[in-house]
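As stored in coords-v3.pdb (PDB, C-alpha atoms):
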```pdb
ATOM      1  CA  MET A   1     -14.640  -4.715  50.303  1.00  0.00           C
ATOM      2  CA  ASN A   2     -14.464  -1.306  51.931  1.00  0.00           C
ATOM      3  CA  LYS A   3     -11.298  -0.506  50.001  1.00  0.00           C
ATOM      4  CA  GLU A   4     -12.941  -1.418  46.704  1.00  0.00           C
ATOM      5  CA  LYS A   5     -15.879   0.831  47.565  1.00  0.00           C
ATOM      6  CA  LYS A   6     -13.652   3.908  47.731  1.00  0.00           C
ATOM      7  CA  GLU A   7     -11.869   3.414  44.417  1.00  0.00           C
ATOM      8  CA  PHE A   8     -12.325   5.507  41.320  1.00  0.00           C
ATOM      9  CA  ASP A   9     -14.472   4.015  38.565  1.00  0.00           C
ATOM     10  CA  GLU A  10     -13.282   3.324  35.002  1.00  0.00           C
ATOM     11  CA  ARG A  11     -14.407   6.694  33.575  1.00  0.00           C
ATOM     12  CA  GLN A  12     -12.764   8.591  36.412  1.00  0.00           C
ATOM     13  CA  ILE A  13      -9.485   6.676  36.011  1.00  0.00           C
ATOM     14  CA  GLU A  14      -9.435   7.434  32.287  1.00  0.00           C
ATOM     15  CA  ILE A  15     -10.040  11.162  32.835  1.00  0.00           C
ATOM     16  CA  ARG A  16      -7.551  11.319  35.723  1.00  0.00           C
ATOM     17  CA  LYS A  17      -4.838   9.766  33.526  1.00  0.00           C
ATOM     18  CA  ASN A  18      -5.288  12.533  30.953  1.00  0.00           C
ATOM     19  CA  ILE A  19      -5.302  15.233  33.625  1.00  0.00           C
ATOM     20  CA  PHE A  20      -2.101  13.846  35.168  1.00  0.00           C
ATOM     21  CA  LYS A  21      -0.504  14.091  31.720  1.00  0.00           C
ATOM     22  CA  HIS A  22      -1.553  17.775  31.565  1.00  0.00           C
ATOM     23  CA  GLY A  23      -0.091  18.298  35.042  1.00  0.00           C
ATOM     24  CA  PHE A  24       3.207  16.696  34.081  1.00  0.00           C
ATOM     25  CA  LEU A  25       3.402  18.816  30.935  1.00  0.00           C
ATOM     26  CA  ILE A  26       2.558  22.025  32.805  1.00  0.00           C
ATOM     27  CA  THR A  27       5.233  21.282  35.437  1.00  0.00           C
ATOM     28  CA  LEU A  28       7.800  20.584  32.730  1.00  0.00           C
ATOM     29  CA  ILE A  29       6.993  23.794  30.830  1.00  0.00           C
ATOM     30  CA  ALA A  30       6.997  25.868  34.046  1.00  0.00           C
ATOM     31  CA  LEU A  31      10.368  24.412  35.127  1.00  0.00           C
ATOM     32  CA  LEU A  32      11.892  25.080  31.692  1.00  0.00           C
ATOM     33  CA  LEU A  33      10.504  28.630  31.691  1.00  0.00           C
ATOM     34  CA  ASN A  34      11.866  29.192  35.186  1.00  0.00           C
ATOM     35  CA  ALA A  35      15.281  27.840  34.172  1.00  0.00           C
ATOM     36  CA  PHE A  36      15.252  30.188  31.167  1.00  0.00           C
ATOM     37  CA  LEU A  37      14.372  33.172  33.392  1.00  0.00           C
ATOM     38  CA  ASN A  38      17.130  32.276  35.873  1.00  0.00           C
ATOM     39  CA  ASP A  39      19.571  31.921  32.988  1.00  0.00           C
ATOM     40  CA  GLN A  40      18.642  35.429  31.832  1.00  0.00           C
ATOM     41  CA  GLY A  41      19.362  36.742  35.316  1.00  0.00           C
ATOM     42  CA  ILE A  42      15.724  37.165  36.302  1.00  0.00           C
ATOM     43  CA  VAL A  43      15.411  35.705  39.793  1.00  0.00           C
ATOM     44  CA  TRP A  44      11.852  36.216  41.029  1.00  0.00           C
ATOM     45  CA  ALA A  45      12.193  34.238  44.284  1.00  0.00           C
ATOM     46  CA  SER A  46      14.672  32.048  46.141  1.00  0.00           C
ATOM     47  CA  VAL A  47      15.314  28.685  44.482  1.00  0.00           C
ATOM     48  CA  PHE A  48      13.328  26.915  47.229  1.00  0.00           C
ATOM     49  CA  TYR A  49      10.216  29.054  46.703  1.00  0.00           C
ATOM     50  CA  GLN A  50      10.568  28.962  42.917  1.00  0.00           C
ATOM     51  CA  ASN A  51      10.384  25.170  42.924  1.00  0.00           C
ATOM     52  CA  ILE A  52       7.680  24.935  45.586  1.00  0.00           C
ATOM     53  CA  LEU A  53       5.494  27.502  43.809  1.00  0.00           C
ATOM     54  CA  ILE A  54       5.837  25.726  40.458  1.00  0.00           C
ATOM     55  CA  PHE A  55       4.925  22.450  42.156  1.00  0.00           C
ATOM     56  CA  VAL A  56       1.933  23.940  43.990  1.00  0.00           C
ATOM     57  CA  LEU A  57       0.767  25.745  40.822  1.00  0.00           C
ATOM     58  CA  SER A  58       0.784  22.443  38.912  1.00  0.00           C
ATOM     59  CA  ILE A  59      -1.094  20.693  41.724  1.00  0.00           C
ATOM     60  CA  THR A  60      -3.657  23.497  41.776  1.00  0.00           C
ATOM     61  CA  ILE A  61      -4.249  23.309  38.017  1.00  0.00           C
ATOM     62  CA  VAL A  62      -4.579  19.517  38.226  1.00  0.00           C
ATOM     63  CA  SER A  63      -7.012  19.736  41.150  1.00  0.00           C
ATOM     64  CA  ILE A  64      -9.108  22.380  39.331  1.00  0.00           C
ATOM     65  CA  GLU A  65      -9.328  20.045  36.330  1.00  0.00           C
ATOM     66  CA  PHE A  66     -10.255  17.172  38.669  1.00  0.00           C
ATOM     67  CA  HIS A  67     -13.034  19.258  40.179  1.00  0.00           C
ATOM     68  CA  MET A  68     -14.326  20.463  36.806  1.00  0.00           C
ATOM     69  CA  HIS A  69     -14.538  16.887  35.497  1.00  0.00           C
ATOM     70  CA  ASP A  70     -15.921  15.616  38.811  1.00  0.00           C
ATOM     71  CA  VAL A  71     -13.124  13.089  39.281  1.00  0.00           C
ATOM     72  CA  TYR A  72     -11.535  14.531  42.441  1.00  0.00           C
ATOM     73  CA  PHE A  73     -13.470  12.201  44.717  1.00  0.00           C
ATOM     74  CA  GLY A  74     -13.935   8.482  44.213  1.00  0.00           C
ATOM     75  CA  ARG A  75     -16.878   6.302  45.135  1.00  0.00           C
ATOM     76  CA  GLY A  76     -18.079   6.454  48.715  1.00  0.00           C
ATOM     77  CA  ILE A  77     -15.902   9.432  49.649  1.00  0.00           C
ATOM     78  CA  SER A  78     -17.696  12.278  51.353  1.00  0.00           C
ATOM     79  CA  ARG A  79     -16.779  15.653  49.861  1.00  0.00           C
ATOM     80  CA  ALA A  80     -17.711  17.894  52.770  1.00  0.00           C
ATOM     81  CA  PRO A  81     -15.005  16.865  55.326  1.00  0.00           C
ATOM     82  CA  ILE A  82     -12.173  17.059  52.767  1.00  0.00           C
ATOM     83  CA  LEU A  83     -13.325  20.411  51.419  1.00  0.00           C
ATOM     84  CA  GLY A  84     -13.783  21.564  55.026  1.00  0.00           C
ATOM     85  CA  ILE A  85     -10.179  20.669  55.933  1.00  0.00           C
ATOM     86  CA  MET A  86      -8.900  22.373  52.779  1.00  0.00           C
ATOM     87  CA  GLY A  87     -10.987  25.451  53.591  1.00  0.00           C
ATOM     88  CA  PHE A  88      -9.583  25.462  57.125  1.00  0.00           C
ATOM     89  CA  CYS A  89      -6.037  25.392  55.685  1.00  0.00           C
ATOM     90  CA  VAL A  90      -6.910  28.411  53.517  1.00  0.00           C
ATOM     91  CA  ILE A  91      -8.213  30.309  56.565  1.00  0.00           C
ATOM     92  CA  VAL A  92      -5.069  29.459  58.588  1.00  0.00           C
ATOM     93  CA  LEU A  93      -2.803  30.564  55.728  1.00  0.00           C
ATOM     94  CA  ALA A  94      -4.808  33.777  55.272  1.00  0.00           C
ATOM     95  CA  VAL A  95      -4.701  34.580  59.001  1.00  0.00           C
ATOM     96  CA  LEU A  96      -0.946  33.881  59.232  1.00  0.00           C
ATOM     97  CA  SER A  97      -0.263  36.015  56.165  1.00  0.00           C
ATOM     98  CA  GLY A  98      -2.466  38.776  57.570  1.00  0.00           C
ATOM     99  CA  ILE A  99      -0.546  38.749  60.873  1.00  0.00           C
ATOM    100  CA  HIS A 100       2.820  38.834  59.089  1.00  0.00           C
ATOM    101  CA  PHE A 101       1.786  41.741  56.857  1.00  0.00           C
ATOM    102  CA  ALA A 102       0.292  43.600  59.829  1.00  0.00           C
ATOM    103  CA  ASN A 103       3.729  43.289  61.479  1.00  0.00           C
ATOM    104  CA  GLY A 104       5.368  44.943  58.481  1.00  0.00           C
ATOM    105  CA  ALA A 105       6.339  41.985  56.334  1.00  0.00           C
ATOM    106  CA  ALA A 106       6.852  42.730  52.641  1.00  0.00           C
ATOM    107  CA  PHE A 107       5.451  40.878  49.640  1.00  0.00           C
ATOM    108  CA  VAL A 108       8.575  41.562  47.579  1.00  0.00           C
ATOM    109  CA  ALA A 109      12.066  42.483  48.776  1.00  0.00           C
ATOM    110  CA  ASN A 110      15.067  43.308  46.556  1.00  0.00           C
ATOM    111  CA  GLY A 111      13.059  42.315  43.494  1.00  0.00           C
ATOM    112  CA  GLU A 112      12.402  38.814  44.871  1.00  0.00           C
ATOM    113  CA  LEU A 113       9.286  37.290  46.328  1.00  0.00           C
ATOM    114  CA  THR A 114       9.580  36.926  50.103  1.00  0.00           C
ATOM    115  CA  SER A 115       8.457  33.885  52.112  1.00  0.00           C
ATOM    116  CA  ASP A 116       5.410  35.928  53.216  1.00  0.00           C
ATOM    117  CA  GLY A 117       4.653  36.758  49.599  1.00  0.00           C
ATOM    118  CA  ALA A 118       4.923  33.074  48.712  1.00  0.00           C
ATOM    119  CA  GLY A 119       2.513  32.354  51.584  1.00  0.00           C
ATOM    120  CA  VAL A 120      -0.059  34.679  50.041  1.00  0.00           C
ATOM    121  CA  ILE A 121       0.301  32.965  46.675  1.00  0.00           C
ATOM    122  CA  PHE A 122      -0.110  29.526  48.334  1.00  0.00           C
ATOM    123  CA  CYS A 123      -3.223  30.842  50.035  1.00  0.00           C
ATOM    124  CA  VAL A 124      -4.699  32.142  46.752  1.00  0.00           C
ATOM    125  CA  LEU A 125      -3.933  28.874  44.922  1.00  0.00           C
ATOM    126  CA  PHE A 126      -5.511  26.828  47.732  1.00  0.00           C
ATOM    127  CA  LEU A 127      -8.507  29.156  47.745  1.00  0.00           C
ATOM    128  CA  VAL A 128      -9.044  28.743  44.000  1.00  0.00           C
ATOM    129  CA  SER A 129      -8.875  24.951  44.335  1.00  0.00           C
ATOM    130  CA  VAL A 130     -11.278  24.851  47.302  1.00  0.00           C
ATOM    131  CA  THR A 131     -13.701  27.251  45.594  1.00  0.00           C
ATOM    132  CA  CYS A 132     -13.768  25.043  42.480  1.00  0.00           C
ATOM    133  CA  GLY A 133     -14.429  22.029  44.711  1.00  0.00           C
ATOM    134  CA  ILE A 134     -17.303  23.750  46.503  1.00  0.00           C
ATOM    135  CA  ILE A 135     -18.864  25.003  43.229  1.00  0.00           C
ATOM    136  CA  GLN A 136     -18.631  21.539  41.672  1.00  0.00           C
ATOM    137  CA  SER A 137     -20.030  19.941  44.816  1.00  0.00           C
ATOM    138  CA  LEU A 138     -23.034  22.291  44.771  1.00  0.00           C
ATOM    139  CA  ARG A 139     -23.571  21.690  41.043  1.00  0.00           C
ATOM    140  CA  SER A 140     -23.456  17.949  41.605  1.00  0.00           C
ATOM    141  CA  LYS A 141     -25.973  18.132  44.463  1.00  0.00           C
ATOM    142  CA  GLN A 142     -28.287  20.252  42.315  1.00  0.00           C
ATOM    143  CA  ALA A 143     -28.000  17.752  39.454  1.00  0.00           C
ATOM    144  CA  GLU A 144     -28.856  14.898  41.834  1.00  0.00           C
ATOM    145  CA  LYS A 145     -31.967  16.771  42.969  1.00  0.00           C
ATOM    146  CA  ILE A 146     -33.054  17.348  39.362  1.00  0.00           C
ATOM    147  CA  MET A 147     -32.510  13.654  38.524  1.00  0.00           C
ATOM    148  CA  LYS A 148     -34.696  12.596  41.427  1.00  0.00           C
TER     149      LYS A 148
ATOM    150  CA  MET B 149     -22.624  11.807  20.574  1.00  0.00           C
ATOM    151  CA  VAL B 150     -25.909   9.882  20.609  1.00  0.00           C
ATOM    152  CA  LYS B 151     -27.890   9.862  23.836  1.00  0.00           C
ATOM    153  CA  ASN B 152     -28.626   6.451  25.289  1.00  0.00           C
ATOM    154  CA  LEU B 153     -32.361   6.876  25.776  1.00  0.00           C
ATOM    155  CA  LYS B 154     -32.849   3.098  26.072  1.00  0.00           C
ATOM    156  CA  LEU B 155     -30.779   3.050  29.239  1.00  0.00           C
ATOM    157  CA  LYS B 156     -32.626   6.052  30.659  1.00  0.00           C
ATOM    158  CA  ALA B 157     -35.991   4.432  29.868  1.00  0.00           C
ATOM    159  CA  ALA B 158     -34.956   1.094  31.382  1.00  0.00           C
ATOM    160  CA  ARG B 159     -33.748   2.823  34.534  1.00  0.00           C
ATOM    161  CA  ALA B 160     -36.947   4.832  34.799  1.00  0.00           C
ATOM    162  CA  ALA B 161     -39.013   1.674  34.246  1.00  0.00           C
ATOM    163  CA  LYS B 162     -37.263   0.113  37.245  1.00  0.00           C
ATOM    164  CA  ASP B 163     -37.960   3.323  39.178  1.00  0.00           C
ATOM    165  CA  MET B 164     -34.265   3.785  39.918  1.00  0.00           C
ATOM    166  CA  THR B 165     -32.361   7.037  40.223  1.00  0.00           C
ATOM    167  CA  GLN B 166     -28.959   7.490  38.592  1.00  0.00           C
ATOM    168  CA  GLN B 167     -27.409   7.282  42.055  1.00  0.00           C
ATOM    169  CA  GLU B 168     -29.127   3.967  42.816  1.00  0.00           C
ATOM    170  CA  LEU B 169     -27.988   2.481  39.499  1.00  0.00           C
ATOM    171  CA  ALA B 170     -24.483   3.838  40.094  1.00  0.00           C
ATOM    172  CA  ASP B 171     -24.345   2.263  43.561  1.00  0.00           C
ATOM    173  CA  ALA B 172     -25.585  -1.062  42.190  1.00  0.00           C
ATOM    174  CA  THR B 173     -22.982  -1.126  39.416  1.00  0.00           C
ATOM    175  CA  GLY B 174     -20.043   0.248  41.407  1.00  0.00           C
ATOM    176  CA  VAL B 175     -19.535   3.569  39.675  1.00  0.00           C
ATOM    177  CA  VAL B 176     -20.227   7.209  40.529  1.00  0.00           C
ATOM    178  CA  ARG B 177     -23.496   8.903  39.505  1.00  0.00           C
ATOM    179  CA  GLN B 178     -21.687  11.132  37.015  1.00  0.00           C
ATOM    180  CA  THR B 179     -20.584   8.062  35.050  1.00  0.00           C
ATOM    181  CA  ILE B 180     -24.173   6.847  34.631  1.00  0.00           C
ATOM    182  CA  ASN B 181     -25.142  10.385  33.609  1.00  0.00           C
ATOM    183  CA  ALA B 182     -22.288  10.484  31.057  1.00  0.00           C
ATOM    184  CA  ILE B 183     -23.401   7.133  29.577  1.00  0.00           C
ATOM    185  CA  GLU B 184     -27.007   8.318  29.295  1.00  0.00           C
ATOM    186  CA  LEU B 185     -25.880  11.533  27.619  1.00  0.00           C
ATOM    187  CA  GLY B 186     -23.672   9.574  25.217  1.00  0.00           C
ATOM    188  CA  GLU B 187     -20.551  11.316  26.493  1.00  0.00           C
ATOM    189  CA  TYR B 188     -18.842   8.131  27.656  1.00  0.00           C
ATOM    190  CA  ASN B 189     -18.548   4.664  26.128  1.00  0.00           C
ATOM    191  CA  PRO B 190     -18.568   2.175  29.013  1.00  0.00           C
ATOM    192  CA  SER B 191     -16.446  -0.981  29.088  1.00  0.00           C
ATOM    193  CA  ILE B 192     -18.170  -4.287  28.359  1.00  0.00           C
ATOM    194  CA  ARG B 193     -17.812  -5.145  32.045  1.00  0.00           C
ATOM    195  CA  LEU B 194     -19.792  -2.076  33.080  1.00  0.00           C
ATOM    196  CA  CYS B 195     -22.358  -2.648  30.311  1.00  0.00           C
ATOM    197  CA  VAL B 196     -22.939  -6.181  31.640  1.00  0.00           C
ATOM    198  CA  ALA B 197     -23.254  -4.887  35.214  1.00  0.00           C
ATOM    199  CA  ILE B 198     -25.835  -2.306  34.104  1.00  0.00           C
ATOM    200  CA  CYS B 199     -27.781  -4.906  32.103  1.00  0.00           C
ATOM    201  CA  LYS B 200     -27.828  -7.334  35.035  1.00  0.00           C
ATOM    202  CA  THR B 201     -29.044  -4.616  37.384  1.00  0.00           C
ATOM    203  CA  LEU B 202     -31.802  -3.492  35.041  1.00  0.00           C
ATOM    204  CA  GLY B 203     -32.736  -7.024  33.926  1.00  0.00           C
ATOM    205  CA  LYS B 204     -32.015  -6.307  30.268  1.00  0.00           C
ATOM    206  CA  THR B 205     -29.674  -7.718  27.632  1.00  0.00           C
ATOM    207  CA  LEU B 206     -26.764  -5.896  25.990  1.00  0.00           C
ATOM    208  CA  ASN B 207     -28.796  -5.740  22.778  1.00  0.00           C
ATOM    209  CA  ASP B 208     -31.682  -4.095  24.601  1.00  0.00           C
ATOM    210  CA  LEU B 209     -29.591  -1.254  25.983  1.00  0.00           C
ATOM    211  CA  PHE B 210     -26.441  -0.817  23.926  1.00  0.00           C
ATOM    212  CA  TRP B 211     -27.179  -1.943  20.376  1.00  0.00           C
ATOM    213  CA  GLU B 212     -27.977   0.810  17.926  1.00  0.00           C
ATOM    214  CA  GLU B 213     -29.999  -0.360  14.939  1.00  0.00           C
ATOM    215  CA  HIS B 214     -28.854   2.396  12.579  1.00  0.00           C
ATOM    216  CA  GLU B 215     -25.227   1.295  12.910  1.00  0.00           C
ATOM    217  CA  GLN B 216     -26.046  -2.025  11.235  1.00  0.00           C
ATOM    218  CA  GLN B 217     -27.125  -0.367   7.998  1.00  0.00           C
TER     219      GLN B 217
END
```
How does this structure look as structure tokens?
Amino acid sequence: MNKEKKEFDERQIEIRKNIFKHGFLITLIALLLNAFLNDQGIVWASVFYQNILIFVLSITIVSIEFHMHDVYFGRGISRAPILGIMGFCVIVLAVLSGIHFANGAAFVANGELTSDGAGVIFCVLFLVSVTCGIIQSLRSKQAEKIMK
Amino acid sequence: MVKNLKLKAARAAKDMTQQELADATGVVRQTINAIELGEYNPSIRLCVAICKTLGKTLNDLFWEEHEQQ
């Protein structure tokens, strides 16, 4: 019973399916573009960070779409703790990046993105996703107040 | 998209909020809002659940007279 309570409803499932299709397409296009760039001799980061960044970028775009369509959270799931944890991750990433850069780390080295640079990009992508979640959460609360 | 004013009126007549109707029918509030705004066509299963909750028939809430003509 409790499990059923936390599922997504039929409208949410329908919208999520379409968003997952967008995410798959975006990942595919980004991977093809990256392969093309590598083939042309343009290496913007190590292979590990290239793939991770493409993956995280796709996840971020998908989560932004989820937030905008209000399908990120299912029934009976409280938004605040999840957004709080995500926000905490952003703060940790920002602090770690800040410490690394204060110790002289570089964003780019030899024309390639460094691991510290990738960390900053992760942090920005997380921040965008969390911000969208918070904005949507506030909008939803405001709408509930108006409906009452 | 045509707004479902019959649903909104029936809900208001029962003195229920969108959230209360959503909880009773097992969906999120945004889904009830989307149905009322005519932005989402619910499944027959959800229509029946809404009708049962509001004590109405499918004809009362989801039948549009102008479509018959």
Using only C-alpha atoms, pick whichever of B:Lys154, B:Asp163, B:Glu168, B:Leu206 has the shortest atom-to-atom distance to Glu184 of chain B.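 Ranking B:Lys154, B:Asp163, B:Glu168, B:Leu206 by distance to Glu184 of chain B, first place goes to B:Lys154.
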Identify all residues satisfying the ChimeraX specification (/A :<10) & /B in the given file; provide them as a PDB file with C-alpha atoms, in the coordinates of the input.
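Everything below was put into out00.pdb:
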```pdb
ATOM      1  CA  MET B 164     -34.265   3.785  39.918  1.00  0.00           C
ATOM      2  CA  THR B 165     -32.361   7.037  40.223  1.00  0.00           C
ATOM      3  CA  GLN B 166     -28.959   7.490  38.592  1.00  0.00           C
ATOM      4  CA  GLN B 167     -27.409   7.282  42.055  1.00  0.00           C
ATOM      5  CA  ALA B 170     -24.483   3.838  40.094  1.00  0.00           C
ATOM      6  CA  ASP B 171     -24.345   2.263  43.561  1.00  0.00           C
ATOM      7  CA  THR B 173     -22.982  -1.126  39.416  1.00  0.00           C
ATOM      8  CA  GLY B 174     -20.043   0.248  41.407  1.00  0.00           C
ATOM      9  CA  VAL B 175     -19.535   3.569  39.675  1.00  0.00           C
ATOM     10  CA  VAL B 176     -20.227   7.209  40.529  1.00  0.00           C
ATOM     11  CA  ARG B 177     -23.496   8.903  39.505  1.00  0.00           C
ATOM     12  CA  GLN B 178     -21.687  11.132  37.015  1.00  0.00           C
ATOM     13  CA  THR B 179     -20.584   8.062  35.050  1.00  0.00           C
ATOM     14  CA  ILE B 180     -24.173   6.847  34.631  1.00  0.00           C
ATOM     15  CA  ASN B 181     -25.142  10.385  33.609  1.00  0.00           C
ATOM     16  CA  ALA B 182     -22.288  10.484  31.057  1.00  0.00           C
ATOM     17  CA  ILE B 183     -23.401   7.133  29.577  1.00  0.00           C
ATOM     18  CA  TYR B 188     -18.842   8.131  27.656  1.00  0.00           C
ATOM     19  CA  ASN B 189     -18.548   4.664  26.128  1.00  0.00           C
ATOM     20  CA  PRO B 190     -18.568   2.175  29.013  1.00  0.00           C
ATOM     21  CA  SER B 191     -16.446  -0.981  29.088  1.00  0.00           C
ATOM     22  CA  LEU B 194     -19.792  -2.076  33.080  1.00  0.00           C
TER      23      LEU B 194
END
```
If we count all atoms listed in the file and set the cut-off at 9 Å, which residues sit around segment 86-100 of chain A, ignoring sequence neighbours fewer than 3 positions away in its own chain? Please answer as a PyMOL selection string. chain A and resi 81-83+103-106+116-117+119-120+122-124+126-127+129-131
Selected residues written out with C-alpha atoms, as a CSV table (one decimal), in the coordinates of the input:
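The file below, part_28.csv, is the result:
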```
chain,number,residue,atom,x,y,z
A,81,PRO,CA,-15.0,16.9,55.3
A,82,ILE,CA,-12.2,17.1,52.8
A,83,LEU,CA,-13.3,20.4,51.4
A,103,ASN,CA,3.7,43.3,61.5
A,104,GLY,CA,5.4,44.9,58.5
A,105,ALA,CA,6.3,42.0,56.3
A,106,ALA,CA,6.9,42.7,52.6
A,116,ASP,CA,5.4,35.9,53.2
A,117,GLY,CA,4.7,36.8,49.6
A,119,GLY,CA,2.5,32.4,51.6
A,120,VAL,CA,-0.1,34.7,50.0
A,122,PHE,CA,-0.1,29.5,48.3
A,123,CYS,CA,-3.2,30.8,50.0
A,124,VAL,CA,-4.7,32.1,46.8
A,126,PHE,CA,-5.5,26.8,47.7
A,127,LEU,CA,-8.5,29.2,47.7
A,129,SER,CA,-8.9,25.0,44.3
A,130,VAL,CA,-11.3,24.9,47.3
A,131,THR,CA,-13.7,27.3,45.6
```
Residues matched by the PyMOL selection byres ((chain B and resi 200-205) around 8) as a ChimeraX atom specification: /B:158-159,162,169,172-173,196-199,206-209
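One finds atom CA of Leu185 of chain B at 20.4 Å from atom CA of Leu138 of chain A.
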So which one's closest to Gly111 of chain A, A:Ala45, A:Thr27, A:Ile13, A:Asp39? Using only C-alpha atoms, please. A:Ala45
Atom CA of Ile59 of chain A to atom CA of Lys17 of chain A: how many Å, to one decimal?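 Computing the Euclidean distance for atom CA of Ile59 of chain A and atom CA of Lys17 of chain A yields 14.2 Å.
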Atom CA of Leu125 of chain A and atom CA of Thr60 of chain A are how many Å apart? 6.2 Å
Could you check which of A:Leu31, A:Gln142, A:Val128, A:Ile26 is closest to Val47 of chain A, using only C-alpha atoms?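 Under the stated criterion, the closest residue is A:Leu31.
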Just checking: using all atoms listed in the file, which residue out of A:Ile15, A:Ile134, A:Leu57, A:Gly23 ends up closest to Arg79 of chain A?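 Using all atoms listed in the file, the shortest distance to Arg79 of chain A belongs to A:Ile134.
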Extending 8 Å beyond the listed atoms of segment 101-107 of chain A on each side, what axis-aligned box results? I want centre and edge lengths in Å to one decimal, as AutoDock Vina command-line options.
```
--center_x 3.6 --center_y 42.9 --center_z 55.6 --size_x 22.6 --size_y 20.1 --size_z 27.8
```
Place N, CA and C atoms on segment 31-47 of chain A and deliver the coordinates as a PDB file, in the coordinates of the input.
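What ended up in part_20.pdb:
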```pdb
ATOM      1  N   LEU A  31       8.973  24.564  34.688  1.00  0.00           N
ATOM      2  CA  LEU A  31      10.368  24.412  35.127  1.00  0.00           C
ATOM      3  C   LEU A  31      11.336  24.913  34.059  1.00  0.00           C
ATOM      4  N   LEU A  32      11.033  24.619  32.790  1.00  0.00           N
ATOM      5  CA  LEU A  32      11.892  25.080  31.692  1.00  0.00           C
ATOM      6  C   LEU A  32      11.865  26.605  31.597  1.00  0.00           C
ATOM      7  N   LEU A  33      10.665  27.174  31.740  1.00  0.00           N
ATOM      8  CA  LEU A  33      10.504  28.630  31.691  1.00  0.00           C
ATOM      9  C   LEU A  33      11.270  29.287  32.841  1.00  0.00           C
ATOM     10  N   ASN A  34      11.166  28.665  34.011  1.00  0.00           N
ATOM     11  CA  ASN A  34      11.866  29.192  35.186  1.00  0.00           C
ATOM     12  C   ASN A  34      13.382  29.115  34.995  1.00  0.00           C
ATOM     13  N   ALA A  35      13.844  28.000  34.429  1.00  0.00           N
ATOM     14  CA  ALA A  35      15.281  27.840  34.172  1.00  0.00           C
ATOM     15  C   ALA A  35      15.754  28.901  33.178  1.00  0.00           C
ATOM     16  N   PHE A  36      14.922  29.170  32.166  1.00  0.00           N
ATOM     17  CA  PHE A  36      15.252  30.188  31.167  1.00  0.00           C
ATOM     18  C   PHE A  36      15.355  31.566  31.826  1.00  0.00           C
ATOM     19  N   LEU A  37      14.375  31.870  32.692  1.00  0.00           N
ATOM     20  CA  LEU A  37      14.372  33.172  33.392  1.00  0.00           C
ATOM     21  C   LEU A  37      15.610  33.311  34.268  1.00  0.00           C
ATOM     22  N   ASN A  38      15.943  32.243  35.007  1.00  0.00           N
ATOM     23  CA  ASN A  38      17.130  32.276  35.873  1.00  0.00           C
ATOM     24  C   ASN A  38      18.404  32.477  35.040  1.00  0.00           C
ATOM     25  N   ASP A  39      18.423  31.810  33.884  1.00  0.00           N
ATOM     26  CA  ASP A  39      19.571  31.921  32.988  1.00  0.00           C
ATOM     27  C   ASP A  39      19.738  33.345  32.476  1.00  0.00           C
ATOM     28  N   GLN A  40      18.610  34.034  32.311  1.00  0.00           N
ATOM     29  CA  GLN A  40      18.642  35.429  31.832  1.00  0.00           C
ATOM     30  C   GLN A  40      18.897  36.413  32.985  1.00  0.00           C
ATOM     31  N   GLY A  41      19.073  35.894  34.165  1.00  0.00           N
ATOM     32  CA  GLY A  41      19.362  36.742  35.316  1.00  0.00           C
ATOM     33  C   GLY A  41      18.128  37.257  36.031  1.00  0.00           C
ATOM     34  N   ILE A  42      16.968  36.737  35.642  1.00  0.00           N
ATOM     35  CA  ILE A  42      15.724  37.165  36.302  1.00  0.00           C
ATOM     36  C   ILE A  42      15.422  36.173  37.419  1.00  0.00           C
ATOM     37  N   VAL A  43      15.676  36.575  38.641  1.00  0.00           N
ATOM     38  CA  VAL A  43      15.411  35.705  39.793  1.00  0.00           C
ATOM     39  C   VAL A  43      14.234  36.306  40.555  1.00  0.00           C
ATOM     40  N   TRP A  44      13.091  35.664  40.459  1.00  0.00           N
ATOM     41  CA  TRP A  44      11.852  36.216  41.029  1.00  0.00           C
ATOM     42  C   TRP A  44      11.588  35.762  42.458  1.00  0.00           C
ATOM     43  N   ALA A  45      12.307  34.725  42.894  1.00  0.00           N
ATOM     44  CA  ALA A  45      12.193  34.238  44.284  1.00  0.00           C
ATOM     45  C   ALA A  45      13.404  33.366  44.577  1.00  0.00           C
ATOM     46  N   SER A  46      13.561  32.960  45.832  1.00  0.00           N
ATOM     47  CA  SER A  46      14.672  32.048  46.141  1.00  0.00           C
ATOM     48  C   SER A  46      14.393  30.707  45.456  1.00  0.00           C
ATOM     49  N   VAL A  47      15.454  29.953  45.228  1.00  0.00           N
ATOM     50  CA  VAL A  47      15.314  28.685  44.482  1.00  0.00           C
ATOM     51  C   VAL A  47      14.263  27.782  45.151  1.00  0.00           C
TER      52      VAL A  47
END
```
